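Dropping entry-v9.pdb in here (PDB, C-alpha atoms, pLDDT in the B column):
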ATOM      1  CA  GLN A  27       0.000   0.000   0.000  1.00 69.00           C
ATOM      2  CA  LYS A  28       1.350   3.370  -1.021  1.00 77.00           C
ATOM      3  CA  GLU A  29       2.030   5.596   1.986  1.00 91.00           C
ATOM      4  CA  VAL A  30       3.018   9.209   2.401  1.00 95.00           C
ATOM      5  CA  GLU A  31       4.255  10.217   5.832  1.00 96.00           C
ATOM      6  CA  GLN A  32       4.426  13.669   7.339  1.00 95.00           C
ATOM      7  CA  ASN A  33       5.043  14.923  10.841  1.00 89.00           C
ATOM      8  CA  SER A  34       1.681  16.252  11.997  1.00 86.00           C
ATOM      9  CA  GLY A  35       3.270  19.094  13.940  1.00 87.00           C
ATOM     10  CA  PRO A  36       2.517  21.715  14.928  1.00 93.00           C
ATOM     11  CA  LEU A  37       5.730  23.192  13.646  1.00 96.00           C
ATOM     12  CA  SER A  38       6.228  26.637  15.145  1.00 97.00           C
ATOM     13  CA  VAL A  39       8.671  29.123  13.618  1.00 97.00           C
ATOM     14  CA  PRO A  40       9.203  32.838  14.280  1.00 97.00           C
ATOM     15  CA  GLU A  41       8.284  35.354  11.632  1.00 97.00           C
ATOM     16  CA  GLY A  42      11.099  35.811   9.121  1.00 97.00           C
ATOM     17  CA  ALA A  43      12.622  32.381   9.750  1.00 97.00           C
ATOM     18  CA  ILE A  44      12.872  29.439   7.358  1.00 97.00           C
ATOM     19  CA  ALA A  45      10.224  26.755   7.804  1.00 97.00           C
ATOM     20  CA  SER A  46      11.219  23.258   6.731  1.00 97.00           C
ATOM     21  CA  LEU A  47       8.484  20.704   6.037  1.00 97.00           C
ATOM     22  CA  ASN A  48       9.328  17.099   5.336  1.00 96.00           C
ATOM     23  CA  CYS A  49       7.648  14.160   3.658  1.00 97.00           C
ATOM     24  CA  THR A  50       8.629  10.551   2.984  1.00 97.00           C
ATOM     25  CA  TYR A  51       6.933   8.111   0.632  1.00 96.00           C
ATOM     26  CA  SER A  52       6.925   4.365   0.306  1.00 94.00           C
ATOM     27  CA  ASP A  53       6.548   3.705  -3.439  1.00 91.00           C
ATOM     28  CA  ARG A  54       9.911   3.835  -5.208  1.00 91.00           C
ATOM     29  CA  GLY A  55       8.111   4.172  -8.527  1.00 90.00           C
ATOM     30  CA  SER A  56       6.669   7.555  -7.580  1.00 92.00           C
ATOM     31  CA  GLN A  57       7.263  10.172 -10.250  1.00 91.00           C
ATOM     32  CA  SER A  58       5.410  13.337  -9.274  1.00 92.00           C
ATOM     33  CA  PHE A  59       5.437  15.229  -6.000  1.00 95.00           C
ATOM     34  CA  PHE A  60       3.153  18.036  -4.916  1.00 95.00           C
ATOM     35  CA  TRP A  61       2.834  20.448  -2.044  1.00 97.00           C
ATOM     36  CA  TYR A  62      -0.586  21.870  -1.178  1.00 97.00           C
ATOM     37  CA  ARG A  63      -1.449  24.454   1.445  1.00 97.00           C
ATOM     38  CA  GLN A  64      -4.742  24.168   3.312  1.00 96.00           C
ATOM     39  CA  TYR A  65      -6.036  26.890   5.586  1.00 95.00           C
ATOM     40  CA  SER A  66      -8.384  25.803   8.349  1.00 92.00           C
ATOM     41  CA  GLY A  67     -11.827  25.077   6.955  1.00 88.00           C
ATOM     42  CA  LYS A  68     -10.711  25.675   3.366  1.00 91.00           C
ATOM     43  CA  SER A  69      -9.741  23.456   0.457  1.00 92.00           C
ATOM     44  CA  PRO A  70      -6.171  22.606  -0.559  1.00 94.00           C
ATOM     45  CA  GLU A  71      -4.416  24.972  -2.943  1.00 94.00           C
ATOM     46  CA  LEU A  72      -1.399  23.985  -5.009  1.00 94.00           C
ATOM     47  CA  ILE A  73       1.885  25.595  -4.006  1.00 95.00           C
ATOM     48  CA  MET A  74       4.236  23.767  -6.339  1.00 95.00           C
ATOM     49  CA  PHE A  75       5.206  20.428  -7.808  1.00 93.00           C
ATOM     50  CA  ILE A  76       8.498  18.749  -8.602  1.00 94.00           C
ATOM     51  CA  TYR A  77       9.352  15.797 -10.814  1.00 92.00           C
ATOM     52  CA  SER A  78      13.156  15.650 -10.866  1.00 92.00           C
ATOM     53  CA  ASN A  79      15.770  15.201  -8.180  1.00 94.00           C
ATOM     54  CA  GLY A  80      17.159  18.418  -6.782  1.00 95.00           C
ATOM     55  CA  ASP A  81      15.687  21.786  -5.917  1.00 96.00           C
ATOM     56  CA  LYS A  82      12.920  23.809  -7.506  1.00 96.00           C
ATOM     57  CA  GLU A  83      12.341  27.384  -6.412  1.00 97.00           C
ATOM     58  CA  ASP A  84       9.230  29.527  -6.735  1.00 96.00           C
ATOM     59  CA  GLY A  85       9.371  32.807  -4.875  1.00 97.00           C
ATOM     60  CA  ARG A  86       9.771  32.138  -1.156  1.00 97.00           C
ATOM     61  CA  PHE A  87       9.136  28.414  -1.662  1.00 98.00           C
ATOM     62  CA  THR A  88      11.696  25.734  -2.517  1.00 98.00           C
ATOM     63  CA  ALA A  89      10.822  22.093  -3.075  1.00 97.00           C
ATOM     64  CA  GLN A  90      13.593  19.545  -2.666  1.00 97.00           C
ATOM     65  CA  LEU A  91      13.403  15.994  -3.964  1.00 97.00           C
ATOM     66  CA  ASN A  92      15.672  13.042  -3.233  1.00 96.00           C
ATOM     67  CA  LYS A  93      14.287   9.934  -4.929  1.00 95.00           C
ATOM     68  CA  ALA A  94      17.058   7.681  -3.615  1.00 95.00           C
ATOM     69  CA  SER A  95      16.033   8.530  -0.052  1.00 95.00           C
ATOM     70  CA  GLN A  96      12.323   8.721  -0.978  1.00 96.00           C
ATOM     71  CA  TYR A  97      12.165  12.134   0.591  1.00 95.00           C
ATOM     72  CA  VAL A  98      10.664  15.436  -0.453  1.00 97.00           C
ATOM     73  CA  SER A  99      10.708  18.692   1.472  1.00 97.00           C
ATOM     74  CA  LEU A 100       9.342  22.196   1.260  1.00 98.00           C
ATOM     75  CA  LEU A 101      11.268  25.210   2.505  1.00 98.00           C
ATOM     76  CA  ILE A 102       9.499  28.488   3.150  1.00 98.00           C
ATOM     77  CA  ARG A 103      11.853  31.436   3.427  1.00 98.00           C
ATOM     78  CA  ASP A 104      10.987  34.631   5.318  1.00 98.00           C
ATOM     79  CA  SER A 105       7.963  32.936   6.899  1.00 97.00           C
ATOM     80  CA  GLN A 106       4.959  35.155   7.472  1.00 97.00           C
ATOM     81  CA  PRO A 107       1.993  34.721   9.842  1.00 96.00           C
ATOM     82  CA  SER A 108      -0.148  34.289   6.694  1.00 96.00           C
ATOM     83  CA  ASP A 109       1.823  31.107   5.958  1.00 97.00           C
ATOM     84  CA  SER A 110       0.234  29.501   9.031  1.00 97.00           C
ATOM     85  CA  ALA A 111      -1.707  26.570   7.594  1.00 97.00           C
ATOM     86  CA  THR A 112      -1.558  22.825   7.103  1.00 97.00           C
ATOM     87  CA  TYR A 113       0.814  21.724   4.355  1.00 98.00           C
ATOM     88  CA  LEU A 114      -0.082  18.560   2.488  1.00 97.00           C
ATOM     89  CA  CYS A 115       2.440  16.455   0.621  1.00 97.00           C
ATOM     90  CA  ALA A 116       1.003  14.414  -2.274  1.00 96.00           C
ATOM     91  CA  VAL A 117       2.694  11.788  -4.422  1.00 95.00           C
ATOM     92  CA  GLY A 118       1.771  10.244  -7.778  1.00 91.00           C
ATOM     93  CA  VAL A 119       3.230   7.150  -9.407  1.00 83.00           C
ATOM     94  CA  SER A 120       2.626   8.443 -12.902  1.00 74.00           C
ATOM     95  CA  GLY A 121       0.875  11.316 -14.600  1.00 63.00           C
ATOM     96  CA  ASN A 122      -2.506   9.639 -14.510  1.00 69.00           C
ATOM     97  CA  THR A 123      -2.536   7.744 -11.236  1.00 79.00           C
ATOM     98  CA  PRO A 124      -4.391   9.377  -8.378  1.00 89.00           C
ATOM     99  CA  LEU A 125      -2.384  11.347  -5.860  1.00 91.00           C
ATOM    100  CA  VAL A 126      -1.769   9.858  -2.440  1.00 93.00           C
ATOM    101  CA  PHE A 127      -1.796  12.526   0.243  1.00 96.00           C
ATOM    102  CA  GLY A 128      -0.090  12.633   3.598  1.00 96.00           C
ATOM    103  CA  LYS A 129      -1.985  13.764   6.675  1.00 96.00           C
ATOM    104  CA  GLY A 130      -0.335  17.153   6.540  1.00 96.00           C
ATOM    105  CA  THR A 131       1.925  19.206   8.794  1.00 97.00           C
ATOM    106  CA  ARG A 132       0.439  22.120  10.677  1.00 96.00           C
ATOM    107  CA  LEU A 133       2.695  25.181  10.504  1.00 97.00           C
ATOM    108  CA  SER A 134       2.365  28.098  12.872  1.00 97.00           C
ATOM    109  CA  VAL A 135       4.354  31.267  12.175  1.00 97.00           C
ATOM    110  CA  ILE A 136       4.649  33.389  15.293  1.00 96.00           C
ATOM    111  CA  ALA A 137       4.768  37.176  14.862  1.00 92.00           C
TER     112      ALA A 137
ATOM    113  CA  ASP B  11     -12.184  32.594 -14.906  1.00 59.00           C
ATOM    114  CA  ALA B  12     -14.381  30.457 -12.687  1.00 70.00           C
ATOM    115  CA  GLY B  13     -12.583  27.885 -10.629  1.00 92.00           C
ATOM    116  CA  VAL B  14     -14.047  24.622  -9.387  1.00 96.00           C
ATOM    117  CA  THR B  15     -17.480  25.088  -7.875  1.00 96.00           C
ATOM    118  CA  GLN B  16     -19.181  22.636  -5.544  1.00 97.00           C
ATOM    119  CA  SER B  17     -22.633  22.440  -4.054  1.00 96.00           C
ATOM    120  CA  PRO B  18     -23.974  22.294  -1.467  1.00 97.00           C
ATOM    121  CA  THR B  19     -21.335  23.733   0.857  1.00 96.00           C
ATOM    122  CA  HIS B  20     -22.784  22.151   3.980  1.00 96.00           C
ATOM    123  CA  LEU B  21     -25.393  19.508   4.572  1.00 96.00           C
ATOM    124  CA  ILE B  22     -26.658  17.344   7.388  1.00 98.00           C
ATOM    125  CA  LYS B  23     -28.110  13.881   6.849  1.00 98.00           C
ATOM    126  CA  THR B  24     -29.112  10.981   9.047  1.00 98.00           C
ATOM    127  CA  ARG B  25     -27.833   7.427   8.897  1.00 97.00           C
ATOM    128  CA  GLY B  26     -29.254   5.417   6.037  1.00 97.00           C
ATOM    129  CA  GLN B  27     -30.084   8.402   3.882  1.00 98.00           C
ATOM    130  CA  GLN B  28     -28.618   9.157   0.480  1.00 98.00           C
ATOM    131  CA  VAL B  29     -26.755  12.265  -0.635  1.00 98.00           C
ATOM    132  CA  THR B  30     -25.745  13.797  -3.966  1.00 98.00           C
ATOM    133  CA  LEU B  31     -22.915  16.287  -4.240  1.00 98.00           C
ATOM    134  CA  ARG B  32     -22.251  18.336  -7.358  1.00 98.00           C
ATOM    135  CA  CYS B  33     -19.157  19.758  -8.981  1.00 98.00           C
ATOM    136  CA  SER B  34     -18.416  22.009 -11.950  1.00 97.00           C
ATOM    137  CA  PRO B  35     -14.796  21.859 -13.056  1.00 96.00           C
ATOM    138  CA  LYS B  36     -12.548  24.776 -13.826  1.00 95.00           C
ATOM    139  CA  SER B  37     -13.053  26.143 -17.306  1.00 94.00           C
ATOM    140  CA  GLY B  38     -10.995  24.138 -19.787  1.00 92.00           C
ATOM    141  CA  HIS B  39     -10.561  21.120 -17.521  1.00 93.00           C
ATOM    142  CA  ASP B  40     -11.957  17.766 -18.608  1.00 93.00           C
ATOM    143  CA  THR B  41     -11.139  15.435 -15.711  1.00 93.00           C
ATOM    144  CA  VAL B  42     -12.830  15.380 -12.325  1.00 95.00           C
ATOM    145  CA  SER B  43     -11.593  13.601  -9.209  1.00 95.00           C
ATOM    146  CA  TRP B  44     -13.379  13.237  -5.894  1.00 98.00           C
ATOM    147  CA  TYR B  45     -11.633  13.052  -2.532  1.00 97.00           C
ATOM    148  CA  GLN B  46     -12.881  12.488   1.009  1.00 98.00           C
ATOM    149  CA  GLN B  47     -11.113  14.348   3.806  1.00 97.00           C
ATOM    150  CA  ALA B  48     -11.931  13.348   7.356  1.00 95.00           C
ATOM    151  CA  LEU B  49     -11.033  15.713  10.180  1.00 92.00           C
ATOM    152  CA  GLY B  50      -7.283  15.810  10.763  1.00 90.00           C
ATOM    153  CA  GLN B  51      -6.547  13.559   7.785  1.00 93.00           C
ATOM    154  CA  GLY B  52      -5.285  14.079   4.285  1.00 94.00           C
ATOM    155  CA  PRO B  53      -7.631  13.750   1.315  1.00 96.00           C
ATOM    156  CA  GLN B  54      -8.418  10.156   0.306  1.00 96.00           C
ATOM    157  CA  PHE B  55      -9.049   9.398  -3.375  1.00 96.00           C
ATOM    158  CA  ILE B  56     -12.546   8.153  -4.173  1.00 97.00           C
ATOM    159  CA  PHE B  57     -12.654   8.061  -7.977  1.00 96.00           C
ATOM    160  CA  GLN B  58     -11.831   9.953 -11.141  1.00 94.00           C
ATOM    161  CA  TYR B  59     -13.982  10.645 -14.197  1.00 95.00           C
ATOM    162  CA  TYR B  60     -12.895  11.381 -17.733  1.00 93.00           C
ATOM    163  CA  GLU B  61     -15.020  11.325 -20.888  1.00 93.00           C
ATOM    164  CA  GLU B  62     -18.048  10.399 -18.769  1.00 95.00           C
ATOM    165  CA  GLU B  63     -16.376   7.184 -17.595  1.00 95.00           C
ATOM    166  CA  GLU B  64     -14.982   6.231 -14.215  1.00 94.00           C
ATOM    167  CA  ARG B  65     -11.305   5.952 -15.025  1.00 92.00           C
ATOM    168  CA  GLN B  66      -9.879   5.047 -11.621  1.00 91.00           C
ATOM    169  CA  ARG B  67     -11.291   4.182  -8.240  1.00 95.00           C
ATOM    170  CA  GLY B  68      -9.886   4.216  -4.736  1.00 94.00           C
ATOM    171  CA  ASN B  69     -10.657   1.892  -1.871  1.00 94.00           C
ATOM    172  CA  PHE B  70     -14.246   2.948  -1.276  1.00 97.00           C
ATOM    173  CA  PRO B  71     -17.330   0.703  -1.157  1.00 97.00           C
ATOM    174  CA  ASP B  72     -19.954   0.550  -3.880  1.00 96.00           C
ATOM    175  CA  ARG B  73     -22.151   2.851  -1.804  1.00 98.00           C
ATOM    176  CA  PHE B  74     -20.061   5.584  -3.372  1.00 98.00           C
ATOM    177  CA  SER B  75     -20.909   6.187  -7.013  1.00 97.00           C
ATOM    178  CA  GLY B  76     -20.518   9.003  -9.445  1.00 97.00           C
ATOM    179  CA  HIS B  77     -21.263  10.390 -12.811  1.00 97.00           C
ATOM    180  CA  GLN B  78     -19.778  12.825 -15.273  1.00 97.00           C
ATOM    181  CA  PHE B  79     -21.906  14.752 -17.721  1.00 97.00           C
ATOM    182  CA  PRO B  80     -21.079  15.868 -21.268  1.00 96.00           C
ATOM    183  CA  ASN B  81     -20.262  19.369 -19.986  1.00 95.00           C
ATOM    184  CA  TYR B  82     -17.616  17.752 -17.690  1.00 96.00           C
ATOM    185  CA  SER B  83     -19.555  18.489 -14.487  1.00 97.00           C
ATOM    186  CA  SER B  84     -19.831  15.629 -12.043  1.00 98.00           C
ATOM    187  CA  GLU B  85     -21.879  14.203  -9.220  1.00 98.00           C
ATOM    188  CA  LEU B  86     -20.924  12.081  -6.244  1.00 98.00           C
ATOM    189  CA  ASN B  87     -23.640   9.910  -4.736  1.00 98.00           C
ATOM    190  CA  VAL B  88     -23.406   8.143  -1.411  1.00 98.00           C
ATOM    191  CA  ASN B  89     -26.093   5.653  -0.414  1.00 97.00           C
ATOM    192  CA  ALA B  90     -26.931   4.194   2.993  1.00 98.00           C
ATOM    193  CA  LEU B  91     -24.984   6.858   4.845  1.00 98.00           C
ATOM    194  CA  LEU B  92     -22.928   5.850   7.861  1.00 98.00           C
ATOM    195  CA  LEU B  93     -21.665   8.045  10.674  1.00 97.00           C
ATOM    196  CA  GLY B  94     -18.157   7.501   9.320  1.00 96.00           C
ATOM    197  CA  ASP B  95     -19.100   9.165   6.054  1.00 98.00           C
ATOM    198  CA  SER B  96     -19.027  12.528   7.823  1.00 97.00           C
ATOM    199  CA  ALA B  97     -16.225  14.430   6.106  1.00 97.00           C
ATOM    200  CA  LEU B  98     -15.295  17.190   3.714  1.00 97.00           C
ATOM    201  CA  TYR B  99     -15.837  16.011   0.149  1.00 98.00           C
ATOM    202  CA  LEU B 100     -13.504  17.661  -2.274  1.00 97.00           C
ATOM    203  CA  CYS B 101     -13.879  17.836  -6.019  1.00 97.00           C
ATOM    204  CA  ALA B 102     -10.734  18.501  -8.026  1.00 96.00           C
ATOM    205  CA  SER B 103     -10.475  19.145 -11.729  1.00 95.00           C
ATOM    206  CA  SER B 104      -7.540  18.807 -14.069  1.00 91.00           C
ATOM    207  CA  LEU B 105      -6.544  18.275 -17.660  1.00 88.00           C
ATOM    208  CA  ALA B 106      -6.275  14.694 -18.821  1.00 82.00           C
ATOM    209  CA  SER B 107      -2.815  15.515 -20.134  1.00 78.00           C
ATOM    210  CA  GLY B 108      -1.698  16.636 -16.696  1.00 73.00           C
ATOM    211  CA  ALA B 109      -4.114  14.756 -14.529  1.00 63.00           C
ATOM    212  CA  ASN B 110      -2.148  15.135 -11.329  1.00 81.00           C
ATOM    213  CA  VAL B 111      -2.109  18.945 -11.361  1.00 88.00           C
ATOM    214  CA  LEU B 112      -5.323  19.323  -9.413  1.00 92.00           C
ATOM    215  CA  THR B 113      -7.422  22.399  -8.750  1.00 93.00           C
ATOM    216  CA  PHE B 114      -9.711  21.846  -5.782  1.00 95.00           C
ATOM    217  CA  GLY B 115     -13.143  23.234  -5.123  1.00 96.00           C
ATOM    218  CA  ALA B 116     -14.145  24.627  -1.737  1.00 95.00           C
ATOM    219  CA  GLY B 117     -15.671  21.289  -0.756  1.00 96.00           C
ATOM    220  CA  SER B 118     -18.961  20.031   0.582  1.00 97.00           C
ATOM    221  CA  ARG B 119     -19.015  19.348   4.293  1.00 97.00           C
ATOM    222  CA  LEU B 120     -21.276  16.405   5.084  1.00 98.00           C
ATOM    223  CA  THR B 121     -22.398  15.635   8.610  1.00 97.00           C
ATOM    224  CA  VAL B 122     -24.168  12.335   9.226  1.00 98.00           C
ATOM    225  CA  LEU B 123     -26.148  12.093  12.457  1.00 96.00           C
TER     226      LEU B 123
END

Whole structure, structure tokens version:
Amino acid sequence: QKEVEQNSGPLSVPEGAIASLNCTYSDRGSQSFFWYRQYSGKSPELIMFIYSNGDKEDGRFTAQLNKASQYVSLLIRDSQPSDSATYLCAVGVSGNTPLVFGKGTRLSVIA
Amino acid sequence: DAGVTQSPTHLIKTRGQQVTLRCSPKSGHDTVSWYQQALGQGPQFIFQYYEEEERQRGNFPDRFSGHQFPNYSSELNVNALLLGDSALYLCASSLASGANVLTFGAGSRLTVL
């Protein structure tokens, strides 16, 4: 059974710091990796996705993928209180297989 | 550009009843996926529709069924509701060519009493 594991948190960081969110997955055949942000009571919104090993940057967000270690992370630079949310990691085996989501990590950015 | 719209936003049912949830995908999207998100959990895949056919299905019983219409909108039906069906039901649309890049709707929160 495909599994995606995340630390449930809460992860607390001071405003302006770097928040590091981690995710591991069980299926070595996984090809696509997504990070979604979900505010309390709202639906998930896509932050970014990554397909290849290494880093991918988009503004204050950097996704890091290490397929050998089956590990993907999300770094948020200059964290803001508005970044406080639950961050969901999702993994797909191929372009058309359904995403498997982790339970999410709750991030709290303290002003 | 309208995103994914879902209705109703909230509903309360009793055990044994049936419910229908509706979803209109984002303009230009042709694939609709349904997810169930229980409190404190990540979304769980129910099924995916493309070209009016169920293309993939997750580990959900036959009480969960769906439909996609020619205009790409979709319905999720749940029969014989159980207390454990209480959850946020999320519809996500995408392009068949990039089916894993999902855009989620606001969800329908179902409470079963």

(request) Taking only C-alpha atoms into account, report as a ChimeraX atom specification which residues of chain A lie within 7 Å of chain B. (result) /A:68-71,121-122,124-125,127-130

(request) Can you turn the PyMOL selection byres ((chain A and resi 91-99) around 9) into a concrete residue list for this file, as a list in words? (result) Ser46, Leu47, Asn48, Cys49, Thr50, Tyr51, Ser52, Asp53, Arg54, Ser56, Gln57, Phe59, Trp61, Ile76, Tyr77, Ser78, Asn79, Gly80, Asp81, Lys82, Thr88, Ala89, Gln90, Leu100, Leu101 and Cys115 of chain A

Residues of range 70-121 of chain A that approach range 30-40 of chain A to 10 Å or less, counting all atoms listed in the file: could you list each one with the shortest pair of atoms and its distance in Å to one decimal, rows by chain and increasing residue number, as a tab-separated table?
residue	atom	partner	partner_atom	distance
A:Gln96	CA	A:Val30	CA	9.9
A:Tyr97	CA	A:Glu31	CA	9.7
A:Ser99	CA	A:Gln32	CA	10.0
A:Asp104	CA	A:Pro40	CA	9.3
A:Ser105	CA	A:Pro40	CA	7.5
A:Gln106	CA	A:Pro40	CA	8.4
A:Pro107	CA	A:Pro40	CA	8.7
A:Ser110	CA	A:Ser38	CA	9.0
A:Ala111	CA	A:Pro36	CA	9.8
A:Thr112	CA	A:Ser34	CA	8.8
A:Tyr113	CA	A:Gln32	CA	9.3
A:Leu114	CA	A:Gln32	CA	8.2
A:Cys115	CA	A:Val30	CA	7.5
A:Ala116	CA	A:Val30	CA	7.3
A:Val117	CA	A:Val30	CA	7.3

(request) Evaluate the PyMOL selection byres ((chain B and resi 30) around 9) here and jot the selected residues down as a list in words. (result)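 Written out, the selection comes to Gln28, Val29, Leu31, Arg32, Gly76, Glu85, Leu86, Asn87, Val88 and Asn89 of chain B.
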
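CA of Val119 in chain A sits 26.0 Å away from CA of Ser83 in chain B.
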
(request) Using only C-alpha atoms, pick whichever of B:Gln46, B:Ser104, B:Ser34, B:Ser96 has the shortest atom-to-atom distance to Phe79 in chain B. (result) B:Ser34

(request) Measure the distance from CA of Tyr59 in chain B to CA of Glu29 in chain A in Å and round it to one decimal. (result)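 We find that CA of Tyr59 in chain B and CA of Glu29 in chain A lie 23.3 Å from each other.
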
(request) Rank B:Thr121, B:Asn69, B:Arg25, B:Glu62 by their smallest atom-to-atom distance to Leu92 in chain B, using only C-alpha atoms, and report the top residue only. (result)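 Residue with the minimum atom-to-atom distance to Leu92 in chain B: B:Arg25.
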
Matched chain/residue IDs from the PyMOL selection byres ((chain B and resi 73) around 9), as a PDB file with C-alpha atoms, in the coordinates of the input:
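Full text of out_35.pdb as output:
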ATOM      1  CA  PHE B  70     -14.246   2.948  -1.276  1.00 97.00           C
ATOM      2  CA  PRO B  71     -17.330   0.703  -1.157  1.00 97.00           C
ATOM      3  CA  ASP B  72     -19.954   0.550  -3.880  1.00 96.00           C
ATOM      4  CA  PHE B  74     -20.061   5.584  -3.372  1.00 98.00           C
ATOM      5  CA  SER B  75     -20.909   6.187  -7.013  1.00 97.00           C
ATOM      6  CA  ASN B  87     -23.640   9.910  -4.736  1.00 98.00           C
ATOM      7  CA  VAL B  88     -23.406   8.143  -1.411  1.00 98.00           C
ATOM      8  CA  ASN B  89     -26.093   5.653  -0.414  1.00 97.00           C
ATOM      9  CA  ALA B  90     -26.931   4.194   2.993  1.00 98.00           C
ATOM     10  CA  LEU B  91     -24.984   6.858   4.845  1.00 98.00           C
TER      11      LEU B  91
END

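Restricting the calculation to only C-alpha atoms, the smallest distance between Arg132 in chain A and any of A:Gly55, A:Asp109, A:Arg103, A:Ile73 is found for A:Asp109.
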
(request) Measure the distance from CA of Leu72 in chain A to CA of Glu61 in chain B in Å and round it to one decimal. (result)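 CA of Glu61 in chain B lies 24.5 Å from CA of Leu72 in chain A.
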
If I wrap all listed atoms of range 69-86 of chain A in a box with edges along x, y and z and add 6 Å on each side, what are its centre and edge lengths in Å to one decimal, as lines of an AutoDock Vina configuration file?
center_x = 3.7
center_y = 24.0
center_z = -5.2
size_x = 38.9
size_y = 29.6
size_z = 23.3

Keeping just C-alpha atoms, export range 77-119 of chain A of this structure as a short mmCIF file (atom, residue, chain, number, x, y, z; two decimals), in the first residue's frame.
data_model
loop_
_atom_site.label_atom_id
_atom_site.label_comp_id
_atom_site.auth_asym_id
_atom_site.auth_seq_id
_atom_site.Cartn_x
_atom_site.Cartn_y
_atom_site.Cartn_z
CA TYR A 77 9.35 15.80 -10.81
CA SER A 78 13.16 15.65 -10.87
CA ASN A 79 15.77 15.20 -8.18
CA GLY A 80 17.16 18.42 -6.78
CA ASP A 81 15.69 21.79 -5.92
CA LYS A 82 12.92 23.81 -7.51
CA GLU A 83 12.34 27.38 -6.41
CA ASP A 84 9.23 29.53 -6.74
CA GLY A 85 9.37 32.81 -4.87
CA ARG A 86 9.77 32.14 -1.16
CA PHE A 87 9.14 28.41 -1.66
CA THR A 88 11.70 25.73 -2.52
CA ALA A 89 10.82 22.09 -3.07
CA GLN A 90 13.59 19.55 -2.67
CA LEU A 91 13.40 15.99 -3.96
CA ASN A 92 15.67 13.04 -3.23
CA LYS A 93 14.29 9.93 -4.93
CA ALA A 94 17.06 7.68 -3.62
CA SER A 95 16.03 8.53 -0.05
CA GLN A 96 12.32 8.72 -0.98
CA TYR A 97 12.17 12.13 0.59
CA VAL A 98 10.66 15.44 -0.45
CA SER A 99 10.71 18.69 1.47
CA LEU A 100 9.34 22.20 1.26
CA LEU A 101 11.27 25.21 2.50
CA ILE A 102 9.50 28.49 3.15
CA ARG A 103 11.85 31.44 3.43
CA ASP A 104 10.99 34.63 5.32
CA SER A 105 7.96 32.94 6.90
CA GLN A 106 4.96 35.16 7.47
CA PRO A 107 1.99 34.72 9.84
CA SER A 108 -0.15 34.29 6.69
CA ASP A 109 1.82 31.11 5.96
CA SER A 110 0.23 29.50 9.03
CA ALA A 111 -1.71 26.57 7.59
CA THR A 112 -1.56 22.83 7.10
CA TYR A 113 0.81 21.72 4.35
CA LEU A 114 -0.08 18.56 2.49
CA CYS A 115 2.44 16.46 0.62
CA ALA A 116 1.00 14.41 -2.27
CA VAL A 117 2.69 11.79 -4.42
CA GLY A 118 1.77 10.24 -7.78
CA VAL A 119 3.23 7.15 -9.41
#
